[in-house]
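S.K.: Below is the file entry-v7.cif, which contains mmCIF, C-alpha atoms.
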data_structure
#
loop_
_atom_site.label_atom_id
_atom_site.label_comp_id
_atom_site.auth_asym_id
_atom_site.auth_seq_id
_atom_site.Cartn_x
_atom_site.Cartn_y
_atom_site.Cartn_z
CA MET U 11 11.39 -12.95 -26.63
CA GLY U 12 13.52 -10.33 -28.38
CA CYS U 13 10.44 -8.22 -29.15
CA GLY U 14 9.46 -8.29 -25.50
CA ASN U 15 12.86 -7.06 -24.42
CA VAL U 16 12.75 -4.28 -27.00
CA PHE U 17 9.25 -3.29 -25.85
CA TYR U 18 10.20 -2.99 -22.19
CA THR U 19 13.44 -1.24 -23.08
CA LEU U 20 11.36 1.33 -25.00
CA ILE U 21 9.08 1.75 -21.96
CA ILE U 22 12.02 2.42 -19.65
CA THR U 23 13.66 4.74 -22.20
CA PHE U 24 10.43 6.69 -22.60
CA SER U 25 9.92 6.84 -18.82
CA VAL U 26 13.43 8.16 -18.21
CA ALA U 27 12.90 10.76 -20.95
CA LEU U 28 9.64 11.82 -19.36
CA ILE U 29 11.26 12.14 -15.94
CA THR U 30 14.00 14.30 -17.41
CA TYR U 31 11.39 16.45 -19.14
CA ASN U 32 9.45 16.86 -15.92
CA ILE U 33 12.60 17.88 -14.04
CA LEU U 34 12.94 20.81 -16.40
CA ILE U 35 9.34 22.00 -16.27
CA SER U 36 8.02 20.92 -12.86
CA ALA U 37 7.25 23.68 -10.42
CA ASN U 38 7.36 23.19 -6.69
CA ALA U 39 3.92 22.98 -5.12
CA PRO U 40 2.87 22.83 -1.48
CA LEU U 41 2.04 19.36 -0.20
CA ARG U 42 -0.45 18.60 2.53
CA GLN U 43 1.40 16.17 4.75
CA GLU U 44 -1.53 15.10 6.91
CA LEU U 45 -2.93 11.63 6.33
CA PRO U 46 -6.54 11.35 5.28
CA GLY U 47 -8.93 10.50 8.04
CA PRO U 48 -12.27 11.21 9.56
CA SER U 49 -12.90 14.56 11.22
CA LYS U 50 -12.97 14.79 14.99
CA SER U 51 -16.71 15.23 14.82
CA SER U 52 -17.16 11.79 13.26
CA ILE U 53 -14.84 9.65 15.36
CA ASN U 54 -17.66 7.34 16.42
CA VAL U 55 -18.53 6.50 12.82
CA ASP U 56 -16.85 3.68 10.93
CA PRO U 57 -15.19 5.59 8.07
CA ILE U 58 -15.04 2.55 5.80
CA ILE U 59 -18.25 2.78 3.80
CA LYS U 60 -20.10 -0.38 2.86
CA MET U 61 -19.15 -1.34 -0.66
CA PRO U 62 -20.46 -4.05 -2.95
CA VAL U 63 -18.28 -7.09 -2.52
CA GLU U 64 -17.82 -9.92 -4.97
CA ARG U 65 -16.04 -12.76 -3.29
CA SER U 66 -13.78 -14.95 -5.34
CA ARG U 67 -14.79 -18.57 -5.75
CA ARG U 68 -12.88 -20.93 -3.54
CA HIS U 69 -11.14 -23.74 -5.37
CA GLY U 70 -11.35 -27.38 -4.39
CA SER U 71 -8.44 -28.99 -2.61
CA THR U 72 -7.18 -30.50 -5.87
CA ALA U 73 -7.31 -27.25 -7.84
CA LYS U 74 -4.04 -25.67 -8.87
CA LYS U 75 -3.14 -22.73 -6.68
CA ARG U 76 -3.00 -19.30 -8.29
CA LEU U 77 0.03 -18.01 -6.46
CA PHE U 78 0.70 -14.31 -6.08
CA HIS U 79 3.98 -12.56 -5.33
CA THR U 80 3.91 -10.03 -2.49
CA ALA U 81 5.80 -6.82 -3.26
CA VAL U 82 6.44 -3.99 -0.80
CA THR U 83 8.11 -0.74 -1.83
CA ALA U 84 10.25 0.98 0.78
CA SER U 85 12.98 3.52 1.38
CA ASP U 86 16.03 2.72 3.50
CA SER U 87 14.81 4.93 6.37
CA VAL U 88 14.67 3.52 9.89
CA TYR U 89 10.92 4.16 9.79
CA ASN U 90 10.27 2.05 6.68
CA THR U 91 12.82 -0.60 7.62
CA TRP U 92 11.44 -1.66 11.00
CA GLN U 93 7.96 -1.88 9.48
CA CYS U 94 9.25 -4.08 6.63
CA ARG U 95 10.98 -6.42 9.10
CA ILE U 96 7.75 -6.91 11.05
CA MET U 97 5.72 -7.28 7.85
CA TYR U 98 8.06 -9.98 6.50
CA TYR U 99 8.06 -11.86 9.83
CA TRP U 100 4.29 -12.30 9.64
CA PHE U 101 4.36 -13.03 5.90
CA LYS U 102 6.60 -16.03 6.62
CA LYS U 103 4.30 -17.16 9.45
CA PHE U 104 1.28 -17.45 7.16
CA GLN U 105 2.86 -18.13 3.77
CA ASN U 106 2.20 -21.87 3.84
CA GLY U 107 -0.95 -21.84 5.96
CA PRO U 108 -4.37 -23.25 5.03
CA ASN U 109 -5.93 -21.66 1.92
CA SER U 110 -2.81 -19.56 1.35
CA GLU U 111 -1.88 -18.69 -2.21
CA MET U 112 1.03 -16.55 -1.07
CA GLY U 113 4.07 -17.17 -3.24
CA GLY U 114 7.33 -15.24 -3.03
CA PHE U 115 8.09 -11.91 -1.38
CA THR U 116 10.14 -8.90 -2.48
CA ARG U 117 10.98 -5.67 -0.75
CA ILE U 118 11.51 -3.19 -3.59
CA LEU U 119 14.07 -0.86 -2.04
CA HIS U 120 14.08 2.42 -3.94
CA SER U 121 17.16 3.89 -2.28
CA GLY U 122 19.36 2.77 -5.16
CA LYS U 123 21.79 0.88 -2.92
CA PRO U 124 21.84 -2.24 -0.71
CA ASP U 125 21.34 -2.07 3.05
CA LYS U 126 22.24 -4.46 5.87
CA TYR U 127 18.90 -6.29 5.72
CA MET U 128 19.41 -7.84 2.28
CA ASP U 129 20.01 -11.29 3.81
CA GLU U 130 16.98 -11.01 6.10
CA ILE U 131 14.41 -9.81 3.55
CA PRO U 132 14.39 -10.74 -0.18
CA THR U 133 15.16 -7.40 -1.82
CA PHE U 134 15.29 -5.81 -5.25
CA ILE U 135 17.27 -2.56 -5.56
CA ALA U 136 15.47 0.11 -7.57
CA GLN U 137 16.81 3.52 -8.44
CA PRO U 138 15.05 6.53 -6.91
CA LEU U 139 13.69 9.35 -9.00
CA PRO U 140 16.22 12.04 -9.89
CA ALA U 141 16.94 14.47 -7.05
CA GLY U 142 14.10 16.92 -6.50
CA MET U 143 11.70 15.06 -8.78
CA ASP U 144 9.47 13.89 -5.94
CA GLN U 145 9.07 17.49 -4.64
CA GLY U 146 9.15 16.17 -1.08
CA TYR U 147 6.48 13.56 -1.88
CA ILE U 148 8.58 10.42 -1.56
CA VAL U 149 5.65 8.17 -2.51
CA LEU U 150 6.25 9.15 -6.16
CA ASN U 151 9.15 6.70 -6.03
CA ARG U 152 6.69 3.81 -5.66
CA PRO U 153 5.38 3.56 -9.26
CA TRP U 154 8.86 4.17 -10.70
CA ALA U 155 10.23 1.38 -8.47
CA PHE U 156 7.50 -1.00 -9.69
CA VAL U 157 8.30 -0.20 -13.33
CA GLN U 158 11.93 -1.18 -12.75
CA TRP U 159 11.10 -4.33 -10.80
CA LEU U 160 8.55 -5.60 -13.31
CA GLU U 161 10.96 -5.01 -16.18
CA LYS U 162 14.07 -6.55 -14.60
CA ALA U 163 13.03 -9.16 -12.01
CA ASP U 164 12.28 -12.83 -12.68
CA ILE U 165 8.83 -13.09 -11.09
CA LYS U 166 7.62 -16.69 -11.08
CA GLU U 167 4.01 -16.05 -10.03
CA ASP U 168 1.25 -14.88 -12.38
CA TYR U 169 -0.22 -12.44 -9.86
CA ILE U 170 1.12 -9.63 -7.69
CA LEU U 171 -0.04 -8.42 -4.27
CA MET U 172 1.06 -4.83 -3.80
CA ALA U 173 1.40 -4.26 -0.07
CA GLU U 174 3.00 -1.65 2.20
CA PRO U 175 5.46 -1.72 5.10
CA ASP U 176 2.74 -0.89 7.65
CA HIS U 177 0.70 -3.98 6.78
CA ILE U 178 0.61 -6.94 9.16
CA ILE U 179 -0.80 -10.14 7.69
CA ILE U 180 -3.08 -11.77 10.25
CA LYS U 181 -4.04 -14.98 8.42
CA PRO U 182 -3.18 -16.81 5.18
CA ILE U 183 -4.30 -14.86 2.12
CA PRO U 184 -5.93 -16.61 -0.87
CA ASN U 185 -5.90 -15.10 -4.34
CA LEU U 186 -8.96 -12.85 -4.14
CA SER U 187 -8.80 -11.75 -7.79
CA LYS U 188 -10.62 -13.52 -10.61
CA ASP U 189 -11.88 -13.26 -14.19
CA GLY U 190 -9.32 -10.64 -15.20
CA LEU U 191 -10.33 -8.36 -12.32
CA GLY U 192 -7.99 -7.21 -9.60
CA ALA U 193 -8.98 -7.46 -5.93
CA ALA U 194 -8.62 -4.19 -4.03
CA PHE U 195 -9.60 -2.56 -0.77
CA PRO U 196 -12.06 0.36 -1.17
CA PHE U 197 -10.94 3.58 0.57
CA PHE U 198 -13.67 5.94 1.76
CA TYR U 199 -11.53 8.98 0.91
CA ILE U 200 -10.91 8.07 -2.74
CA GLU U 201 -13.87 9.80 -4.39
CA PRO U 202 -13.62 9.89 -8.20
CA LYS U 203 -17.11 11.35 -8.66
CA LYS U 204 -16.37 14.24 -6.29
CA TYR U 205 -13.24 15.17 -8.26
CA GLU U 206 -14.53 14.41 -11.76
CA SER U 207 -13.52 17.79 -13.19
CA VAL U 208 -9.93 17.27 -12.01
CA LEU U 209 -9.71 13.63 -13.03
CA ARG U 210 -10.98 14.31 -16.56
CA LYS U 211 -7.57 15.87 -17.27
CA PHE U 212 -6.11 12.37 -16.93
CA PHE U 213 -9.14 10.19 -17.74
CA PRO U 214 -10.82 11.76 -20.79
CA GLU U 215 -14.53 11.27 -21.46
CA ASN U 216 -13.86 8.95 -24.39
CA LYS U 217 -12.50 6.43 -21.86
CA GLY U 218 -15.92 6.06 -20.28
CA PRO U 219 -17.84 7.24 -17.21
CA ILE U 220 -15.92 8.48 -14.20
CA THR U 221 -17.36 5.53 -12.27
CA ASN U 222 -14.93 3.33 -14.20
CA ILE U 223 -12.32 4.66 -11.77
CA ASP U 224 -12.50 2.47 -8.68
CA PRO U 225 -12.17 4.00 -5.17
CA ILE U 226 -8.83 2.30 -4.56
CA GLY U 227 -5.13 2.91 -4.23
CA ASN U 228 -2.39 0.62 -5.41
CA SER U 229 -2.32 -1.21 -2.09
CA PRO U 230 -3.59 -3.62 -1.07
CA VAL U 231 -4.30 -4.87 -4.58
CA ILE U 232 -3.94 -8.36 -6.06
CA VAL U 233 -3.67 -8.07 -9.83
CA GLY U 234 -2.44 -10.16 -12.73
CA LYS U 235 1.25 -9.70 -13.47
CA ASP U 236 0.65 -9.03 -17.16
CA SER U 237 -1.97 -6.40 -16.31
CA LEU U 238 0.35 -4.69 -13.84
CA LYS U 239 3.13 -4.56 -16.45
CA LYS U 240 0.79 -2.47 -18.60
CA ILE U 241 -0.53 -0.35 -15.74
CA ALA U 242 2.78 0.49 -14.01
CA PRO U 243 4.35 2.84 -16.63
CA THR U 244 1.04 4.68 -16.96
CA TRP U 245 0.75 4.87 -13.16
CA MET U 246 4.19 6.45 -13.01
CA ASN U 247 3.46 8.99 -15.73
CA VAL U 248 0.01 9.91 -14.37
CA SER U 249 1.52 10.35 -10.89
CA LEU U 250 4.13 12.75 -12.26
CA ALA U 251 1.52 14.62 -14.31
CA MET U 252 -0.81 14.96 -11.30
CA LYS U 253 2.01 16.21 -9.10
CA LYS U 254 2.85 18.81 -11.74
CA ASP U 255 -0.77 19.95 -11.98
CA PRO U 256 -1.51 22.50 -9.19
CA GLU U 257 -5.23 21.64 -9.03
CA ALA U 258 -4.66 17.89 -8.77
CA ASP U 259 -1.82 18.37 -6.28
CA LYS U 260 -3.97 20.62 -4.08
CA ASN U 261 -7.02 18.35 -4.12
CA PHE U 262 -5.30 14.98 -3.81
CA GLY U 263 -2.38 15.86 -1.52
CA TRP U 264 -0.93 12.85 0.28
CA VAL U 265 -3.14 10.39 -1.64
CA LEU U 266 -2.25 11.68 -5.12
CA GLU U 267 -0.39 8.52 -6.08
CA MET U 268 -3.40 6.43 -5.02
CA TYR U 269 -5.64 8.38 -7.39
CA ALA U 270 -3.01 7.94 -10.10
CA TYR U 271 -3.11 4.16 -9.73
CA ALA U 272 -6.91 4.07 -9.79
CA VAL U 273 -6.93 6.17 -12.97
CA SER U 274 -4.22 4.08 -14.63
CA SER U 275 -6.01 0.81 -13.85
CA ALA U 276 -9.17 2.24 -15.46
CA LEU U 277 -7.26 3.52 -18.49
CA HIS U 278 -6.12 -0.05 -19.17
CA GLY U 279 -9.60 -1.48 -18.60
CA VAL U 280 -8.61 -3.41 -15.48
CA GLY U 281 -11.54 -3.37 -13.07
CA ASN U 282 -11.35 -4.43 -9.45
CA ILE U 283 -13.41 -6.47 -7.02
CA LEU U 284 -13.92 -4.08 -4.10
CA TYR U 285 -13.03 -6.34 -1.22
CA LYS U 286 -13.86 -4.64 2.07
CA ASP U 287 -12.61 -7.63 4.08
CA PHE U 288 -9.12 -7.24 2.62
CA MET U 289 -7.91 -5.27 5.65
CA LEU U 290 -8.87 -3.40 8.80
CA GLN U 291 -7.58 -0.06 10.07
CA PRO U 292 -7.42 0.44 13.84
CA PRO U 293 -8.70 2.27 15.80
CA TRP U 294 -11.74 2.71 13.50
CA ASP U 295 -12.16 -0.99 12.82
CA THR U 296 -12.48 -2.58 16.24
CA GLU U 297 -12.83 -6.29 15.42
CA LEU U 298 -10.69 -8.59 13.28
CA GLY U 299 -13.69 -10.25 11.64
CA ASN U 300 -12.71 -11.97 8.39
CA LYS U 301 -9.96 -9.51 7.51
CA PHE U 302 -6.54 -10.54 6.19
CA ILE U 303 -4.35 -7.50 6.95
CA ILE U 304 -4.01 -4.94 9.73
CA HIS U 305 -3.08 -1.53 8.32
CA TYR U 306 -1.74 0.58 11.19
CA THR U 307 -1.71 3.95 9.45
CA TYR U 308 -3.70 5.77 12.13
CA GLY U 309 -2.48 6.53 15.64
CA CYS U 310 -4.22 4.68 18.47
CA ASP U 311 -4.72 6.90 21.53
CA TYR U 312 -6.68 5.89 24.65
CA ASP U 313 -7.08 6.98 28.23
CA LEU U 314 -6.46 4.49 31.04
CA LYS U 315 -10.16 3.57 31.04
CA GLY U 316 -9.86 2.33 27.47
CA ARG U 317 -11.64 5.28 25.85
CA LEU U 318 -10.47 6.54 22.45
CA THR U 319 -8.98 10.04 22.56
CA TYR U 320 -8.37 10.47 18.82
CA GLY U 321 -6.90 13.89 18.04
CA LYS U 322 -5.39 14.06 21.51
CA ILE U 323 -2.33 12.15 22.72
CA GLY U 324 -3.62 9.42 25.00
CA GLU U 325 -2.34 8.14 28.32
CA TRP U 326 -1.69 4.96 26.33
CA ARG U 327 -0.81 5.18 22.67
CA PHE U 328 0.63 3.32 19.72
CA ASP U 329 1.47 5.43 16.69
CA LYS U 330 4.00 4.34 14.10
CA ARG U 331 5.09 7.99 13.75
CA SER U 332 6.49 7.84 17.28
CA TYR U 333 9.23 5.66 15.81
CA ASP U 334 10.35 7.61 12.75
CA THR U 335 14.04 7.64 13.70
CA VAL U 336 14.30 4.60 15.97
CA ALA U 337 12.61 1.21 15.93
CA PRO U 338 10.00 0.54 18.62
CA PRO U 339 11.43 -1.28 21.63
CA ARG U 340 10.65 -4.89 22.37
CA ASN U 341 7.76 -5.66 24.73
CA LEU U 342 5.60 -2.58 24.20
CA PRO U 343 3.04 -2.16 27.00
CA LEU U 344 -0.34 -3.63 26.16
CA PRO U 345 -3.40 -1.35 25.99
CA PRO U 346 -5.57 -0.87 29.07
CA ALA U 347 -8.71 -2.94 29.59
CA GLY U 348 -11.56 -2.01 27.30
CA VAL U 349 -9.45 -1.19 24.23
CA PRO U 350 -10.80 -2.95 21.11
CA GLN U 351 -9.57 -6.33 19.90
CA SER U 352 -7.99 -4.84 16.77
CA VAL U 353 -5.63 -2.58 18.73
CA VAL U 354 -4.72 -5.27 21.28
CA THR U 355 -3.96 -7.72 18.46
CA LEU U 356 -1.83 -5.15 16.64
CA VAL U 357 0.39 -4.52 19.68
CA LYS U 358 0.67 -8.23 20.50
CA MET U 359 1.73 -8.99 16.93
CA VAL U 360 4.31 -6.20 16.94
CA ASN U 361 5.67 -7.56 20.22
CA GLU U 362 5.86 -11.15 18.96
CA ALA U 363 7.73 -10.06 15.84
CA THR U 364 10.24 -7.87 17.67
CA ALA U 365 10.85 -10.60 20.26
CA ASN U 366 11.77 -13.10 17.54
CA ILE U 367 13.53 -11.00 14.89
CA PRO U 368 17.30 -11.28 15.48
CA ASN U 369 19.22 -8.10 16.28
CA TRP U 370 16.06 -6.06 16.69
CA GLY U 371 16.79 -2.36 17.05
CA SER U 372 20.27 -2.67 15.59
#
Represent the structure contained in this file as structure tokens.
M.R.:
Amino acid sequence: MGCGNVFYTLIITFSVALITYNILISANAPLRQELPGPSKSSINVDPIIKMPVERSRRHGSTAKKRLFHTAVTASDSVYNTWQCRIMYYWFKKFQNGPNSEMGGFTRILHSGKPDKYMDEIPTFIAQPLPAGMDQGYIVLNRPWAFVQWLEKADIKEDYILMAEPDHIIIKPIPNLSKDGLGAAFPFFYIEPKKYESVLRKFFPENKGPITNIDPIGNSPVIVGKDSLKKIAPTWMNVSLAMKKDPEADKNFGWVLEMYAYAVSSALHGVGNILYKDFMLQPPWDTELGNKFIIHYTYGCDYDLKGRLTYGKIGEWRFDKRSYDTVAPPRNLPLPPAGVPQSVVTLVKMVNEATANIPNWGS
């Protein structure tokens, strides 16, 4: 027990030292703020490529559940907060549903101070990176927040689901990981082979082929708690090193931290089941199918005839970025006829949550 405490204390001490070192030597670099997405010329093509999927074996009704703890990192911005409130509403709805292995929930708040939603959402307060360290890329606070949480929190479950504020759970989630492998959603824009020359700076050849790096980010991922405790400090340090490297920063832009997690998982020999049914992303995914999570990262723009107008503000739209300084109002108008099931479901679920969350918009 004492050795464990000393080990994690050394990790935190080393991490703080590294952050301080990086403050002194990091140079500011331009950051592409746009989110990754398909080009306008390919809007009719499903951008989620077909990936090999290995489904986890379902346990019998008498088998012991392998519970996982859901963790969501967030700032205290209005934008992150309203998303977290909706996310937690739907987590509670499905937590004890059929086939669920959803255990506890934590919002890891990396503002360094409590906010007024501490009683509504179970929350762990993490310290942000030192001022200026994120170079305007606030996502760098995510791995550092996970390092603190994993070292200090009493996490009862043996597995962790890393999720994000803009995730809406649409049905009970079983533990999709197995046999020491994580379970992760494959992103079409995470392309280790394409960027092999850049990634070899952080994943040397003696660690194996570049294909050992899975096309994933840190979320959504279900992974063993012990594995994540090893991965998280490396994830933090690789993220900082990538941000400091002009070539990596230029090539990876807004998804740099996702590449850093994929590299760190591979460095520790933790492979992942690439689970395409983990989530859907409207408007590109039009049907719910067997998915577990709606990820509403892309704007949904349609004309009044229900036709997608991506790249152009629609006559009807839902885009989370429209509500960066104020929460969306209750009872958002539903999409016009002809808009896909995924978008209609998203808006209906937002409306149900906001109608039932006390003091919405306050």
S.K.: In Å, how far is it from CA of Phe328 (chain U) to CA of Tyr308 (chain U)?
M.R.: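 Atom-to-atom, CA of Phe328 (chain U) to CA of Tyr308 (chain U), that is 9.1 Å.
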S.K.: Which residues are close to region 335-342 of chain U, i.e. within 8 Å by only C-alpha atoms, leaving aside same-chain residues fewer than 4 positions away? Reply as a PyMOL selection string.
M.R.: chain U and resi 87-89+92+357+361+364-365+370-371
S.K.: I need the output of the PyMOL selection byres ((chain U and resi 188) around 9) for this file as a list in words; which residues are they?
M.R.: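 Going through the file, the PyMOL selection byres ((chain U and resi 188) around 9) ends up selecting Ser66, Arg67, Asn185, Leu186, Ser187, Asp189, Gly190, Leu191, Gly192, Ala193, Val233 and Ile283 of chain U.
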S.K.: Evaluate the PyMOL selection byres ((chain U and resi 324-326) around 6) and record the selected residues as a list of chain:residue names, following the chain and residue labels used in the document.
M.R.: U:Asp311, U:Tyr312, U:Asp313, U:Thr319, U:Ile323, U:Arg327
S.K.: Pick out the closest residue to Phe115 (chain U) from this set: U:Trp154, U:Phe195, U:Tyr285, U:Tyr169. Count only C-alpha atoms.
M.R.: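 Going through U:Trp154, U:Phe195, U:Tyr285, U:Tyr169 one by one, the smallest distance to Phe115 (chain U) is for U:Tyr169.
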S.K.: What is the CA of Pro140 (chain U) to CA of Asn247 (chain U) distance in Å?
M.R.: 14.4 Å
S.K.: Quote the spacing between CA of Ala155 (chain U) and CA of His305 (chain U) in Å to one decimal place.
M.R.: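 Answer for the CA of Ala155 (chain U) to CA of His305 (chain U) separation: 21.6 Å.
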S.K.: Please provide the set of residues having any atom within 12 Å of Arg95 (chain U), restricted to only C-alpha atoms, with same-chain residues fewer than 5 positions apart removed, written as an mmCIF file with C-alpha atoms, in the frame of the given file.
M.R.:
data_model
loop_
_atom_site.group_PDB
_atom_site.id
_atom_site.type_symbol
_atom_site.label_atom_id
_atom_site.label_comp_id
_atom_site.auth_asym_id
_atom_site.auth_seq_id
_atom_site.Cartn_x
_atom_site.Cartn_y
_atom_site.Cartn_z
ATOM 1 C CA VAL U 82 6.440 -3.990 -0.800
ATOM 2 C CA ALA U 84 10.250 0.980 0.780
ATOM 3 C CA ASP U 86 16.030 2.720 3.500
ATOM 4 C CA VAL U 88 14.670 3.520 9.890
ATOM 5 C CA TYR U 89 10.920 4.160 9.790
ATOM 6 C CA ASN U 90 10.270 2.050 6.680
ATOM 7 C CA TRP U 100 4.290 -12.300 9.640
ATOM 8 C CA PHE U 101 4.360 -13.030 5.900
ATOM 9 C CA LYS U 102 6.600 -16.030 6.620
ATOM 10 C CA THR U 116 10.140 -8.900 -2.480
ATOM 11 C CA ARG U 117 10.980 -5.670 -0.750
ATOM 12 C CA LYS U 126 22.240 -4.460 5.870
ATOM 13 C CA TYR U 127 18.900 -6.290 5.720
ATOM 14 C CA MET U 128 19.410 -7.840 2.280
ATOM 15 C CA ASP U 129 20.010 -11.290 3.810
ATOM 16 C CA GLU U 130 16.980 -11.010 6.100
ATOM 17 C CA ILE U 131 14.410 -9.810 3.550
ATOM 18 C CA PRO U 132 14.390 -10.740 -0.180
ATOM 19 C CA THR U 133 15.160 -7.400 -1.820
ATOM 20 C CA GLU U 174 3.000 -1.650 2.200
ATOM 21 C CA PRO U 175 5.460 -1.720 5.100
ATOM 22 C CA ASP U 176 2.740 -0.890 7.650
ATOM 23 C CA HIS U 177 0.700 -3.980 6.780
ATOM 24 C CA ILE U 178 0.610 -6.940 9.160
ATOM 25 C CA ALA U 337 12.610 1.210 15.930
ATOM 26 C CA PRO U 338 10.000 0.540 18.620
ATOM 27 C CA VAL U 360 4.310 -6.200 16.940
ATOM 28 C CA ALA U 363 7.730 -10.060 15.840
ATOM 29 C CA THR U 364 10.240 -7.870 17.670
ATOM 30 C CA ALA U 365 10.850 -10.600 20.260
ATOM 31 C CA ASN U 366 11.770 -13.100 17.540
ATOM 32 C CA ILE U 367 13.530 -11.000 14.890
ATOM 33 C CA PRO U 368 17.300 -11.280 15.480
ATOM 34 C CA ASN U 369 19.220 -8.100 16.280
ATOM 35 C CA TRP U 370 16.060 -6.060 16.690
ATOM 36 C CA GLY U 371 16.790 -2.360 17.050
ATOM 37 C CA SER U 372 20.270 -2.670 15.590
#
S.K.: Given all atoms listed in the file as the basis, pick out the residue of U:Leu318, U:Ala173, U:Met112, U:Val280 nearest to Leu77 (chain U).
M.R.: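 Nearest to Leu77 (chain U): U:Met112.
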S.K.: Please write as a VMD selection string the list of polymer residues whose atoms come within 12 Å of (3.4, -1.1, -15.9), counting only C-alpha atoms and keeping to the coordinates of the file.
M.R.: chain U and resid 17 to 18 21 to 22 25 152 to 161 233 to 248 271 274 to 275 277 to 278
S.K.: With C-alpha atoms retained, export the selected residues as a short mmCIF file (atom, residue, chain, number, x, y, z; two decimals), in the coordinates of the input.
M.R.:
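result-v3.cif, freshly written:
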data_model
loop_
_atom_site.label_atom_id
_atom_site.label_comp_id
_atom_site.auth_asym_id
_atom_site.auth_seq_id
_atom_site.Cartn_x
_atom_site.Cartn_y
_atom_site.Cartn_z
CA PHE U 17 9.25 -3.29 -25.85
CA TYR U 18 10.20 -2.99 -22.19
CA ILE U 21 9.08 1.75 -21.96
CA ILE U 22 12.02 2.42 -19.65
CA SER U 25 9.92 6.84 -18.82
CA ARG U 152 6.69 3.81 -5.66
CA PRO U 153 5.38 3.56 -9.26
CA TRP U 154 8.86 4.17 -10.70
CA ALA U 155 10.23 1.38 -8.47
CA PHE U 156 7.50 -1.00 -9.69
CA VAL U 157 8.30 -0.20 -13.33
CA GLN U 158 11.93 -1.18 -12.75
CA TRP U 159 11.10 -4.33 -10.80
CA LEU U 160 8.55 -5.60 -13.31
CA GLU U 161 10.96 -5.01 -16.18
CA VAL U 233 -3.67 -8.07 -9.83
CA GLY U 234 -2.44 -10.16 -12.73
CA LYS U 235 1.25 -9.70 -13.47
CA ASP U 236 0.65 -9.03 -17.16
CA SER U 237 -1.97 -6.40 -16.31
CA LEU U 238 0.35 -4.69 -13.84
CA LYS U 239 3.13 -4.56 -16.45
CA LYS U 240 0.79 -2.47 -18.60
CA ILE U 241 -0.53 -0.35 -15.74
CA ALA U 242 2.78 0.49 -14.01
CA PRO U 243 4.35 2.84 -16.63
CA THR U 244 1.04 4.68 -16.96
CA TRP U 245 0.75 4.87 -13.16
CA MET U 246 4.19 6.45 -13.01
CA ASN U 247 3.46 8.99 -15.73
CA VAL U 248 0.01 9.91 -14.37
CA TYR U 271 -3.11 4.16 -9.73
CA SER U 274 -4.22 4.08 -14.63
CA SER U 275 -6.01 0.81 -13.85
CA LEU U 277 -7.26 3.52 -18.49
CA HIS U 278 -6.12 -0.05 -19.17
#
S.K.: Taking the file as shown, what set of residues would the PyMOL selection byres ((chain U and resi 147) around 9) give back, as a ChimeraX atom specification?
M.R.: /U:41,43,143-146,148-151,253,264
S.K.: So, counting only C-alpha atoms, which residue among U:Pro350, U:Val273, U:Leu284, U:Val231 is closest to Pro219 (chain U)?
M.R.: U:Val273
S.K.: For a quick check of understanding, using all atoms listed in the file, which of U:Leu266, U:Tyr306, U:Tyr320, U:Gly299 has the smallest distance to Gln351 (chain U)?
M.R.: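 The shortest atom-to-atom distance to Gln351 (chain U) comes from U:Gly299.
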S.K.: Between U:Gly107, U:Ser121, U:Val265, U:Ala276, which has the minimum distance to Ala141 (chain U) (counting all atoms listed in the file)?
M.R.: U:Ser121
S.K.: So which residues touch Pro293 (chain U) within 7 Å, counting all atoms listed in the file, skipping near sequence neighbours fewer than 2 positions away, as number ranges by chain?
M.R.: U: 291, 295-296, 310, 353
